[in-house]
Structure formats: C-alpha cells, structure tokens
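Enquirer: Next comes input-v1.cif, mmCIF, C-alpha atoms:
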```
data_final
loop_
_atom_site.label_atom_id
_atom_site.label_comp_id
_atom_site.auth_asym_id
_atom_site.auth_seq_id
_atom_site.Cartn_x
_atom_site.Cartn_y
_atom_site.Cartn_z
CA MET U 270 -21.33 -41.45 17.96
CA GLN U 271 -22.09 -38.60 20.31
CA THR U 272 -22.48 -35.16 18.79
CA GLN U 273 -23.25 -31.88 20.53
CA VAL U 274 -23.86 -28.88 18.31
CA VAL U 275 -24.75 -25.34 19.20
CA VAL U 276 -24.83 -23.21 16.07
CA GLU U 277 -25.15 -19.47 15.68
CA SER U 278 -24.49 -17.31 12.66
CA ASP U 279 -23.17 -13.80 12.30
CA ARG U 280 -22.71 -11.21 9.60
CA TYR U 281 -19.16 -10.22 10.51
CA PRO U 282 -16.03 -12.32 11.08
CA PRO U 283 -14.49 -12.62 14.56
CA GLY U 284 -12.27 -9.75 15.70
CA ASP U 285 -11.96 -6.15 14.58
CA LEU U 286 -13.21 -5.58 11.03
CA ALA U 287 -10.11 -3.45 10.29
CA ILE U 288 -7.85 -6.49 10.68
CA TRP U 289 -9.94 -8.29 8.05
CA ILE U 290 -9.38 -5.48 5.55
CA PHE U 291 -5.67 -5.82 6.30
CA ILE U 292 -5.85 -9.63 5.98
CA LEU U 293 -7.54 -9.37 2.57
CA ALA U 294 -4.84 -6.95 1.37
CA GLU U 295 -2.10 -9.33 2.58
CA LEU U 296 -3.80 -12.32 0.96
CA ALA U 297 -4.06 -10.41 -2.33
CA ALA U 298 -0.32 -9.65 -2.24
CA PHE U 299 0.59 -13.28 -1.53
CA GLY U 300 -1.90 -14.49 -4.15
CA ALA U 301 -0.25 -12.31 -6.81
CA PHE U 302 3.13 -13.69 -5.73
CA PHE U 303 1.91 -17.28 -6.05
CA GLY U 304 0.49 -16.65 -9.51
CA ALA U 305 3.70 -14.95 -10.63
CA TYR U 306 5.76 -17.90 -9.34
CA ALA U 307 3.61 -20.46 -11.18
CA PHE U 308 3.57 -18.58 -14.51
CA THR U 309 7.29 -17.71 -14.37
CA ARG U 310 7.99 -21.38 -13.70
CA MET U 311 6.31 -22.22 -17.04
CA GLN U 312 9.30 -20.63 -18.84
CA ASN U 313 11.91 -22.49 -16.75
CA VAL U 314 10.35 -25.77 -15.58
CA GLU U 315 13.56 -27.83 -15.49
CA MET U 316 15.52 -25.13 -13.68
CA PHE U 317 12.74 -24.64 -11.10
CA ASN U 318 12.45 -28.41 -10.54
CA HIS U 319 16.22 -28.79 -10.17
CA TYR U 320 16.66 -26.09 -7.55
CA GLN U 321 13.42 -27.01 -5.79
CA SER U 322 14.83 -30.53 -5.25
CA MET U 323 17.79 -28.95 -3.40
CA LEU U 324 15.56 -27.36 -0.75
CA ASP U 325 15.23 -28.88 2.72
CA SER U 326 11.76 -30.44 2.61
CA ASP U 327 12.24 -31.95 6.10
CA ALA U 328 12.57 -28.43 7.50
CA ALA U 329 9.49 -27.38 5.53
CA LEU U 330 7.51 -30.31 6.99
CA ILE U 331 8.52 -29.36 10.54
CA ASN U 332 7.56 -25.75 9.87
CA THR U 333 4.19 -26.71 8.41
CA PHE U 334 3.45 -28.88 11.45
CA ALA U 335 4.56 -25.98 13.69
CA LEU U 336 2.28 -23.42 12.04
CA ILE U 337 -0.78 -25.70 11.85
CA THR U 338 -0.28 -26.62 15.50
CA SER U 339 0.21 -23.00 16.54
CA SER U 340 -3.01 -22.07 14.74
CA TYR U 341 -4.80 -24.87 16.60
CA PHE U 342 -3.41 -23.57 19.91
CA VAL U 343 -4.73 -20.10 19.05
CA VAL U 344 -8.20 -21.59 18.40
CA ARG U 345 -8.02 -23.11 21.89
CA ALA U 346 -6.94 -19.74 23.32
CA VAL U 347 -10.03 -18.08 21.81
CA ALA U 348 -12.23 -20.90 23.15
CA SER U 349 -10.69 -20.42 26.61
CA ILE U 350 -11.39 -16.70 26.76
CA ARG U 351 -14.95 -17.29 25.53
CA ASP U 352 -15.27 -19.56 28.59
CA ASN U 353 -13.91 -16.68 30.71
CA ASN U 354 -10.71 -18.67 31.34
CA ASN U 355 -7.97 -16.04 31.22
CA GLN U 356 -5.19 -18.34 32.44
CA GLY U 357 -6.12 -21.00 29.90
CA CYS U 358 -6.08 -18.34 27.18
CA VAL U 359 -2.59 -17.21 28.22
CA ARG U 360 -1.27 -20.79 28.29
CA TRP U 361 -2.59 -21.60 24.82
CA LEU U 362 -1.18 -18.34 23.44
CA LEU U 363 2.23 -19.10 24.96
CA ALA U 364 2.12 -22.57 23.39
CA ALA U 365 1.31 -20.95 20.03
CA LEU U 366 4.25 -18.58 20.47
CA VAL U 367 6.58 -21.53 21.14
CA MET U 368 5.45 -23.07 17.85
CA GLY U 369 5.99 -19.73 16.10
CA ALA U 370 9.50 -19.54 17.58
CA LEU U 371 10.21 -23.07 16.35
CA PHE U 372 9.20 -21.95 12.85
CA LEU U 373 11.58 -18.98 13.02
CA VAL U 374 14.50 -21.12 14.27
CA VAL U 375 14.06 -23.78 11.58
CA LYS U 376 13.59 -21.19 8.82
CA SER U 377 16.63 -19.21 10.04
CA GLN U 378 18.73 -22.38 9.84
CA GLU U 379 17.57 -22.85 6.26
CA TYR U 380 18.54 -19.26 5.43
CA ALA U 381 21.94 -19.70 7.14
CA HIS U 382 22.55 -22.78 5.00
CA HIS U 383 21.69 -20.84 1.82
CA ILE U 384 23.92 -17.93 2.83
CA ASN U 385 26.83 -20.34 3.46
CA GLU U 386 26.32 -21.70 -0.05
CA GLY U 387 26.48 -18.18 -1.44
CA ILE U 388 22.84 -18.22 -2.58
CA THR U 389 21.25 -14.79 -2.96
CA LEU U 390 18.20 -13.24 -4.62
CA SER U 391 20.22 -12.83 -7.82
CA THR U 392 21.46 -16.44 -7.99
CA ASN U 393 18.60 -17.38 -10.32
CA THR U 394 14.87 -16.83 -10.84
CA PHE U 395 13.88 -19.75 -8.63
CA TYR U 396 15.86 -18.50 -5.66
CA MET U 397 14.61 -14.97 -6.27
CA PHE U 398 11.05 -16.23 -5.82
CA TYR U 399 11.90 -18.69 -3.05
CA LEU U 400 13.85 -16.22 -0.92
CA SER U 401 11.53 -13.25 -1.42
CA LEU U 402 8.32 -15.27 -0.90
CA THR U 403 9.53 -17.11 2.19
CA PHE U 404 11.19 -14.02 3.71
CA PHE U 405 8.03 -11.96 3.14
CA HIS U 406 6.14 -14.69 4.98
CA PHE U 407 8.89 -14.91 7.65
CA MET U 408 8.34 -11.22 8.45
CA HIS U 409 4.61 -11.86 8.81
CA VAL U 410 5.34 -14.65 11.30
CA ILE U 411 7.39 -12.19 13.39
CA MET U 412 4.59 -9.61 13.16
CA GLY U 413 2.03 -12.25 14.18
CA MET U 414 4.14 -13.29 17.16
CA VAL U 415 4.40 -9.68 18.34
CA ILE U 416 0.59 -9.39 18.14
CA LEU U 417 0.03 -12.70 19.97
CA ALA U 418 2.54 -11.70 22.67
CA ALA U 419 0.75 -8.37 23.20
CA VAL U 420 -2.60 -10.21 23.44
CA ALA U 421 -1.10 -12.71 25.91
CA VAL U 422 0.23 -9.89 28.14
CA LYS U 423 -3.17 -8.19 28.19
CA ALA U 424 -4.91 -11.51 28.87
CA LYS U 425 -2.46 -12.19 31.73
CA ARG U 426 -3.49 -8.85 33.26
CA GLY U 427 -7.15 -9.84 33.02
CA GLY U 428 -7.84 -7.49 30.13
CA TYR U 429 -10.27 -9.83 28.39
CA SER U 430 -13.44 -11.63 29.41
CA SER U 431 -16.09 -13.85 27.87
CA GLN U 432 -18.03 -10.67 27.04
CA GLN U 433 -15.12 -8.58 25.74
CA HIS U 434 -12.39 -10.43 23.84
CA THR U 435 -12.28 -8.74 20.44
CA GLY U 436 -8.51 -8.27 20.83
CA VAL U 437 -7.96 -12.02 21.20
CA GLU U 438 -10.07 -12.74 18.11
CA THR U 439 -8.29 -10.01 16.15
CA GLY U 440 -4.83 -11.42 16.94
CA ALA U 441 -6.09 -14.94 16.24
CA SER U 442 -7.46 -13.95 12.82
CA TYR U 443 -4.12 -12.45 11.80
CA TRP U 444 -2.23 -15.54 12.98
CA HIS U 445 -4.57 -17.85 11.03
CA MET U 446 -3.84 -15.77 7.91
CA VAL U 447 -0.11 -16.39 8.43
CA ASP U 448 -0.83 -20.12 8.68
CA LEU U 449 -3.15 -20.02 5.65
CA VAL U 450 -0.50 -18.45 3.41
CA TRP U 451 2.11 -21.03 4.44
CA LEU U 452 -0.32 -23.89 3.67
CA ILE U 453 -0.21 -22.83 -0.01
CA LEU U 454 3.44 -21.74 -0.01
CA PHE U 455 4.73 -25.09 1.31
CA PRO U 456 3.47 -27.37 -1.50
CA LEU U 457 3.98 -24.74 -4.20
CA VAL U 458 7.65 -24.05 -3.44
CA TYR U 459 8.79 -27.34 -1.87
CA VAL U 460 6.71 -30.16 -3.39
CA MET U 461 4.89 -29.42 -6.68
CA ARG U 462 7.04 -30.19 -9.70
CA MET R 786 -20.28 -19.29 20.99
CA LYS R 787 -20.09 -22.46 19.02
CA LYS R 788 -19.05 -25.73 20.63
CA ARG R 789 -18.89 -28.90 18.66
CA VAL R 790 -17.75 -32.28 19.94
CA VAL R 791 -17.54 -35.42 17.80
CA LEU R 792 -16.69 -38.80 19.38
CA GLY R 793 -15.61 -36.96 22.51
CA ILE R 794 -13.10 -34.81 20.64
CA ARG R 795 -13.52 -31.14 19.77
CA ALA R 796 -14.21 -30.45 16.09
CA CYS R 797 -11.17 -28.15 15.96
CA THR R 798 -8.97 -31.03 17.17
CA TRP R 799 -10.31 -33.23 14.35
CA VAL R 800 -9.56 -30.43 11.89
CA TRP R 801 -6.01 -30.14 13.26
CA LEU R 802 -5.49 -33.92 12.93
CA ILE R 803 -6.81 -33.97 9.36
CA MET R 804 -4.58 -31.05 8.35
CA MET R 805 -1.51 -32.69 9.92
CA SER R 806 -2.30 -35.94 8.07
CA LEU R 807 -2.76 -34.17 4.71
CA THR R 808 0.54 -32.35 5.30
CA LEU R 809 2.32 -35.65 5.94
CA VAL R 810 0.87 -37.13 2.74
CA THR R 811 1.99 -34.03 0.82
CA TYR R 812 5.51 -34.40 2.21
CA LEU R 813 5.62 -38.10 1.33
CA ILE R 814 4.53 -37.35 -2.25
CA GLY R 815 7.54 -35.06 -2.47
CA GLN R 816 9.87 -37.54 -0.77
CA PHE R 817 8.92 -40.34 -3.15
CA GLY R 818 9.77 -38.05 -6.03
CA LEU R 819 6.25 -38.13 -7.41
CA GLY R 820 6.03 -35.37 -9.97
CA GLY R 821 3.90 -34.63 -12.97
CA LEU R 822 0.50 -33.11 -13.35
CA SER R 823 -1.59 -35.57 -11.34
CA ALA R 824 0.73 -35.47 -8.31
CA SER R 825 0.97 -31.67 -8.46
CA LEU R 826 -2.79 -31.20 -8.72
CA THR R 827 -3.36 -33.67 -5.88
CA VAL R 828 -0.95 -31.76 -3.65
CA LEU R 829 -2.56 -28.46 -4.67
CA GLY R 830 -5.99 -29.91 -3.89
CA PHE R 831 -4.81 -30.94 -0.41
CA ALA R 832 -3.45 -27.41 0.16
CA LEU R 833 -6.69 -25.76 -0.92
CA LEU R 834 -8.70 -28.15 1.27
CA LYS R 835 -6.49 -27.31 4.26
CA GLY R 836 -6.86 -23.61 3.50
CA GLN R 837 -10.64 -23.93 3.42
CA MET R 838 -10.53 -25.76 6.76
CA VAL R 839 -8.49 -22.93 8.30
CA GLY R 840 -11.03 -20.40 7.01
CA ASP R 841 -14.11 -22.38 8.03
CA TYR R 842 -13.08 -23.80 11.40
CA PHE R 843 -10.06 -21.86 12.70
CA MET R 844 -11.06 -18.38 11.48
CA GLY R 845 -14.70 -19.23 12.21
CA LEU R 846 -16.03 -18.16 8.82
CA LYS R 847 -18.27 -21.21 8.42
CA ARG R 848 -20.93 -19.62 10.62
CA ILE R 849 -20.73 -16.21 8.93
CA GLN R 850 -23.54 -15.22 6.58
CA GLY R 851 -23.21 -12.71 3.77
CA PHE R 852 -20.16 -11.04 2.24
CA TRP R 853 -17.54 -12.06 4.82
CA ARG R 854 -18.26 -15.76 4.33
CA TRP R 855 -16.51 -15.75 0.95
CA PRO R 856 -13.23 -13.75 0.71
CA VAL R 857 -10.97 -16.55 2.00
CA SER R 858 -12.66 -19.13 -0.24
CA LEU R 859 -12.35 -16.75 -3.18
CA TRP R 860 -8.68 -16.16 -2.36
CA LEU R 861 -8.08 -19.92 -2.39
CA PHE R 862 -10.00 -20.31 -5.64
CA ILE R 863 -8.28 -17.55 -7.66
CA PRO R 864 -4.54 -18.06 -6.89
CA GLY R 865 -5.17 -21.80 -6.55
CA GLY R 866 -6.83 -21.81 -9.97
CA LEU R 867 -4.00 -19.80 -11.51
CA VAL R 868 -1.40 -22.18 -10.08
CA GLY R 869 -3.42 -25.16 -11.31
CA ILE R 870 -3.72 -23.67 -14.81
CA ALA R 871 0.01 -22.87 -14.95
CA PHE R 872 0.99 -26.41 -13.94
CA THR R 873 -1.58 -27.92 -16.34
CA LEU R 874 -0.27 -25.88 -19.28
CA VAL R 875 3.24 -27.29 -18.85
CA GLY R 876 1.88 -30.78 -18.24
#
```
Could you render the structure from this file as structure tokens?
Expert:
Amino acid sequence: MQTQVVVESDRYPPGDLAIWIFILAELAAFGAFFGAYAFTRMQNVEMFNHYQSMLDSDAALINTFALITSSYFVVRAVASIRDNNNQGCVRWLLAALVMGALFLVVKSQEYAHHINEGITLSTNTFYMFYLSLTFFHFMHVIMGMVILAAVAVKAKRGGYSSQQHTGVETGASYWHMVDLVWLILFPLVYVMR
Amino acid sequence: MKKRVVLGIRACTWVWLIMMSLTLVTYLIGQFGLGGLSASLTVLGFALLKGQMVGDYFMGLKRIQGFWRWPVSLWLFIPGGLVGIAFTLVG
C-alpha cells in the first residue's frame, strides 16, 4: 500500500466566506423542511408509505449518481486549478455541468409524469412535501449550474490561477451543498418507510 | 494544497466510489421492499455518512480547525437526529 499525504490546516473553509453564510442559511431551511416532513409523516404513516411507493426510485437513483458524480468532477476542477491547469479545470466543470443537466432532465420527466397524472401540491400532504421539497432543490440545482457555468467561462479566459482561485472554490462549495441536500432528500422521500 | 493518494488512486476518487456504492445499497433496500425501523435507520445512517464525506473530503472541511469545521456535521446531526427520532417513534 503506497500512501502520499501532505496535510495542512486552515481556519476558514475554501472559497468566499460569504457563500458559507449563504450555505448555512440554505442548509437550515432544508433541515427544517426535512424535520417537518418526518414529523408530519408520523400522523399519516400509511398514506406517506403508499404514495412514496408510487414514486420513480429508478429516476432517483440516476439523479443521485448524477449529483455525486458532478460533485466529484467539481473536486477535480478545484484540484486542476490548484495545479495551475486552467484547461483541466474547464473540462471538469463542463463534465459537472453535463451531470447537472442530466439531473434536470430526469427530474423534469418525473414532474411531467406527475402533471399528466393530475398530481399537484394540493393532492395530499405527501405530494405537498414531495413536490415542494424536490422543486426547491431543483431550483438550487439550476442556480448551482449558473454559478458553475460562470466560473467555467472565467476559467476558460484564464481568470484563475494556482494563487488566485477563490471563485472556483466558492462555486464548488455551493455545488457541494446542492449535492449534500440531495443525499438526505433521496433516502428520506424515496426509500425510508 | 492537500494531495492524498491511496493504492494509486486519489482519496477523492475512493470517496466517490464509496458514496456511489452506499447509494446503490440504499436503492436496493428500497427495491427489495425492506421497510421498518432497522431498514430506515440503516438507510439514514448511510445518508449521514455520505453527507459527512461530502463535508470532509469534497468541501474540504476535514482540514479546517475551529468553528468552520463543525457546521456541516452539526447540520447532519440535528435534522438527521430529528428524522431518526420521528421514524423511531412510529416504529
């Protein structure tokens, strides 16, 4: 087993500190949503389990793979720019954006299916939570993709270097937050019963 | 900058592989119709573990000292704990 380790510690997380304040606020909102879902479910366990079983868990699996993989690609993009590799950074960011687009396409197909079935926020409590939680997250994915695209454009123009890449780390931190939220949302809404 | 290579593979690649594997197991638990408290808590545990891995290795918080080391872990602990309690109370 061959292991190479170079460790350094820091007092502040990667990226602009302002994005971390924003990330904590977003996480608090999603956390409250998750708690509300779980405690509301206590009053309607059978109904929640019934409608949960009608969701497309295959689509959810694909989307979870897509977001985890996109997050990994973003990690590689940050590593590339730290190595002063602008082109590598752009390529990894584009790969992450492709994964983000895959998420949006699959999730949109799920929504189209629900709309065709006449399912809305007022259908029942489960769908109220499911639709509002997943759509809230869906909007964050779009926001994250806009940020990553802006970072990729700047990186393409040589706007970052190994010494100055706070923008890449800031975009990456936001995107990891989007992934983090989905990692809890997926089992909670699609699997746990 | 932190670089870590284990068995010739970057640590972040190992983390990605582990998270993909835990996701597949979570999906299979759902596909096999495994319900009840133990299955739910197992799945929740996998999710919290994956979340911690995102915080530690993808967000890079593992090497942070002081206040900023803990918010993501705390976020996983509080909503995760609430979800766990809610599922435990209904058995």
Enquirer: With a distance cut-off of 7 Å and all atoms listed in the file, select the neighbouring residues of range 856-862 of chain R, excluding the residue or stretch itself and same-chain residues fewer than 4 positions from it, and output the selection as a list in words.
Expert: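 Result of the neighbour search: Leu833, Gln837, Gly840 and Gly866 of chain R.
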Enquirer: Generate a file of the selected residues that holds C-alpha atoms, formatted as an mmCIF file, keeping the file's coordinate frame.
Expert:
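Output file result_0.cif follows:
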```cif
data_model
loop_
_atom_site.group_PDB
_atom_site.id
_atom_site.type_symbol
_atom_site.label_atom_id
_atom_site.label_comp_id
_atom_site.auth_asym_id
_atom_site.auth_seq_id
_atom_site.Cartn_x
_atom_site.Cartn_y
_atom_site.Cartn_z
ATOM 1 C CA LEU R 833 -6.690 -25.760 -0.920
ATOM 2 C CA GLN R 837 -10.640 -23.930 3.420
ATOM 3 C CA GLY R 840 -11.030 -20.400 7.010
ATOM 4 C CA GLY R 866 -6.830 -21.810 -9.970
#
```
Enquirer: Decode the PyMOL selection byres ((chain U) within 8 of (chain R)) for the given file into explicit residues and return them as an mmCIF file with C-alpha atoms, in the coordinates of the input.
Expert:
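Saved the output as out17.cif:
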```
data_model
loop_
_atom_site.group_PDB
_atom_site.id
_atom_site.type_symbol
_atom_site.label_atom_id
_atom_site.label_comp_id
_atom_site.auth_asym_id
_atom_site.auth_seq_id
_atom_site.Cartn_x
_atom_site.Cartn_y
_atom_site.Cartn_z
ATOM 1 C CA MET U 270 -21.330 -41.450 17.960
ATOM 2 C CA GLN U 271 -22.090 -38.600 20.310
ATOM 3 C CA THR U 272 -22.480 -35.160 18.790
ATOM 4 C CA GLN U 273 -23.250 -31.880 20.530
ATOM 5 C CA VAL U 274 -23.860 -28.880 18.310
ATOM 6 C CA VAL U 275 -24.750 -25.340 19.200
ATOM 7 C CA VAL U 276 -24.830 -23.210 16.070
ATOM 8 C CA GLU U 277 -25.150 -19.470 15.680
ATOM 9 C CA SER U 278 -24.490 -17.310 12.660
ATOM 10 C CA ASP U 279 -23.170 -13.800 12.300
ATOM 11 C CA ARG U 280 -22.710 -11.210 9.600
ATOM 12 C CA TYR U 281 -19.160 -10.220 10.510
ATOM 13 C CA PRO U 282 -16.030 -12.320 11.080
ATOM 14 C CA PRO U 283 -14.490 -12.620 14.560
ATOM 15 C CA LEU U 293 -7.540 -9.370 2.570
ATOM 16 C CA LEU U 296 -3.800 -12.320 0.960
ATOM 17 C CA ALA U 297 -4.060 -10.410 -2.330
ATOM 18 C CA GLY U 300 -1.900 -14.490 -4.150
ATOM 19 C CA ALA U 301 -0.250 -12.310 -6.810
ATOM 20 C CA PHE U 303 1.910 -17.280 -6.050
ATOM 21 C CA GLY U 304 0.490 -16.650 -9.510
ATOM 22 C CA ALA U 307 3.610 -20.460 -11.180
ATOM 23 C CA PHE U 308 3.570 -18.580 -14.510
ATOM 24 C CA MET U 311 6.310 -22.220 -17.040
ATOM 25 C CA VAL U 314 10.350 -25.770 -15.580
ATOM 26 C CA SER U 326 11.760 -30.440 2.610
ATOM 27 C CA LEU U 330 7.510 -30.310 6.990
ATOM 28 C CA THR U 333 4.190 -26.710 8.410
ATOM 29 C CA PHE U 334 3.450 -28.880 11.450
ATOM 30 C CA ILE U 337 -0.780 -25.700 11.850
ATOM 31 C CA THR U 338 -0.280 -26.620 15.500
ATOM 32 C CA SER U 340 -3.010 -22.070 14.740
ATOM 33 C CA TYR U 341 -4.800 -24.870 16.600
ATOM 34 C CA VAL U 344 -8.200 -21.590 18.400
ATOM 35 C CA ARG U 351 -14.950 -17.290 25.530
ATOM 36 C CA ALA U 441 -6.090 -14.940 16.240
ATOM 37 C CA SER U 442 -7.460 -13.950 12.820
ATOM 38 C CA HIS U 445 -4.570 -17.850 11.030
ATOM 39 C CA LEU U 449 -3.150 -20.020 5.650
ATOM 40 C CA LEU U 452 -0.320 -23.890 3.670
ATOM 41 C CA ILE U 453 -0.210 -22.830 -0.010
ATOM 42 C CA PRO U 456 3.470 -27.370 -1.500
ATOM 43 C CA LEU U 457 3.980 -24.740 -4.200
ATOM 44 C CA TYR U 459 8.790 -27.340 -1.870
ATOM 45 C CA VAL U 460 6.710 -30.160 -3.390
ATOM 46 C CA MET U 461 4.890 -29.420 -6.680
ATOM 47 C CA ARG U 462 7.040 -30.190 -9.700
#
```
Enquirer: How many Å separate CA of Val447 in chain U from CA of Ala370 in chain U?
Expert: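 These atoms are spaced 13.6 Å apart.
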Enquirer: Interatomic distance between CA of Asp285 in chain U and CA of Trp361 in chain U?
Expert: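 We find that CA of Asp285 in chain U and CA of Trp361 in chain U lie 20.8 Å from each other.
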Enquirer: Separation of CA of Gln356 in chain U and CA of Gly427 in chain U, in Å?
Expert: 8.7 Å
Enquirer: Would you list the contacts of Phe407 in chain U as a list in words, taking every protein, DNA or RNA residue within 9 Å and counting all atoms listed in the file, but skipping same-chain residues closer than 6 positions in sequence?
Expert: Phe372, Leu373 and Lys376 of chain U
Enquirer: Convert the current residue selection to file output with C-alpha atoms, as a PDB file, in the frame of the given file.
Expert:
```
ATOM      1  CA  PHE U 372       9.200 -21.950  12.850  1.00  0.00           C
ATOM      2  CA  LEU U 373      11.580 -18.980  13.020  1.00  0.00           C
ATOM      3  CA  LYS U 376      13.590 -21.190   8.820  1.00  0.00           C
TER       4      LYS U 376
END
```
